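Note sheet for the following structure.
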Protein chains: 2
Amino acid sequence: MERAEQGSPIEPDPYFGPPTDRGEATLPGRFVTIAELPELNVATGLVLQPLLGSGLMVSFARYEAGAEAPLHAHEEEQVFVVVDGEFDVTLDDETRRLRVGDAAVIPSWVPHRVTASDDGPATQIDVFCPPREGLLRLLEG
Amino acid sequence: MERAEQGSPIEPDPYFGPPTDRGEATLPGRFVTIAELPELNVATGLVLQPLLGSGLMVSFARYEAGAEAPLHAHEEEQVFVVVDGEFDVTLDDETRRLRVGDAAVIPSWVPHRVTASDDGPATQIDVFCPPREGLLRLLEG
């Protein structure tokens with residue numbers, strides 16, 4: 001495998017080439033405007049906008065300055081990506097300050113806590129696979 | 001279920017409350033610096049940095065102006081989120097200009113194409129569940 005070097009793409013192209021095992025789509029593609037997604041105010045100063053696929057969920061999270069997602073754990077695997085602002089993120093017993101360019105992988109049942117910096121609002125994206133049951137319940141409620 | 005209204009959080013808190021069915025973590029949490037992830041130059045002007053979890057993958061994609069992910073399809077479900085710049089995204093037969101605040105859900109085997117605007121570089125995040133096999137092969141190669 002060739003890694004990215006000197007700006008030259010991998011040749012021959014193994015990534016976008018025609019799949020040998022091509023299947024049939026059963027669901028249509030969907031364009032999404034995030035601002036139009038439902039808003040769930042799950043804690044003081046913390047609003048989530050979950051986008052639900054079939055086997056995964058992407059949740060767009062806006063925190064006011066200092067807002068907190070308290071220590072919790074869940075079965076669904078999660079990836080946390082900072083989009084704007086700064087967060088103190090605790091995974092197990094370790095806390096780090098995360099900024100744009102930082103992310104965290106949160107495996108099943110790993111306890112985690114997130115606090116937005118006091119300096120201002122902050123936004124992040126959570127990915128859950130499978131979709132987080134607690135959010136599905138709120139969306140259906 | 002209460003939706004977000006007048007800034008008041010949902011009470012009692014059904015989202016961060018202690019799970020009744022609590023499990024045991026078998027993998028540690030991981031803090032990730034995106035700049036340190038491997039870089040895959042999968043097409044001219046298009047570099048991917050995949051972050052691999054257990055059942056999901058988040059791929060950070062940087063496009064130079066006008067760079068293209070040609071029409072392709074794959075079994076893995078995908079969510080596409082714009083982080084910076086503008087893209088023309090084709091799903092099936094429909095093409096739309098996507099900007100920050102826009103996303104797309106790409107179910108299994110839906111043909112899609114992505115072209116970054118000619119106006120400048122653009123970045124987006126792809127989520128795959130399960131991890132996209134074509135990217136796993138490149139990471140292992």
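We label chains A, B, ... in the order they appear in the structure tokens, count residues from 1 in each chain, and number ligands from 1 in the order shown.
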
Selection near A:Arg30, 8 Å with only C-alpha atoms, sequence-local residues under 5 positions removed, as a ChimeraX atom specification: /B:91,104-106

Mind dumping the selected residues with C-alpha atoms as an mmCIF file, in the first residue's frame?
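The resulting file, selection18.cif, is reproduced below:
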```cif
data_model
loop_
_atom_site.group_PDB
_atom_site.id
_atom_site.type_symbol
_atom_site.label_atom_id
_atom_site.label_comp_id
_atom_site.auth_asym_id
_atom_site.auth_seq_id
_atom_site.Cartn_x
_atom_site.Cartn_y
_atom_site.Cartn_z
ATOM 1 C CA LEU B 91 -26.813 11.024 -4.556
ATOM 2 C CA ALA B 104 -26.058 13.651 3.593
ATOM 3 C CA VAL B 105 -27.135 10.140 4.527
ATOM 4 C CA ILE B 106 -25.869 7.556 2.023
#
```

For chain B, report every residue with an atom at most 6 Å from chain A (counting only C-alpha atoms), formatted as a PyMOL selection string. chain B and resi 1+3-4+9-10+15-16+23-25+29-34+39-44+72+91+101-106+108-110+134+141

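Our summary of the geometry notes that atom CA of B:Asp88 is positioned 27.6 Å from atom CA of A:Pro131.
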
Just the strand (DSSP E or B) stuff from stretch 52-127 of chain B, please, per backbone DSSP, written as a PyMOL selection string. chain B and resi 52+57-63+68-72+77-84+87-91+94-98+102-106+112-116+122-127

Quick one: DSSP alpha helix (DSSP H) residues in chain B, as a PyMOL selection string? chain B and resi 133-140

Show me, as a ChimeraX atom specification, the residues that have an atom within 7 Å of stretch 117-121 of chain B when counting only C-alpha atoms, minus same-chain residues fewer than 6 positions from it. /B:63-66,85-88

Rounded to one decimal, what separation in Å do you get between atom CA of B:Glu68 and atom CA of A:Pro50?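 Distance between the two atoms: 28.2 Å.
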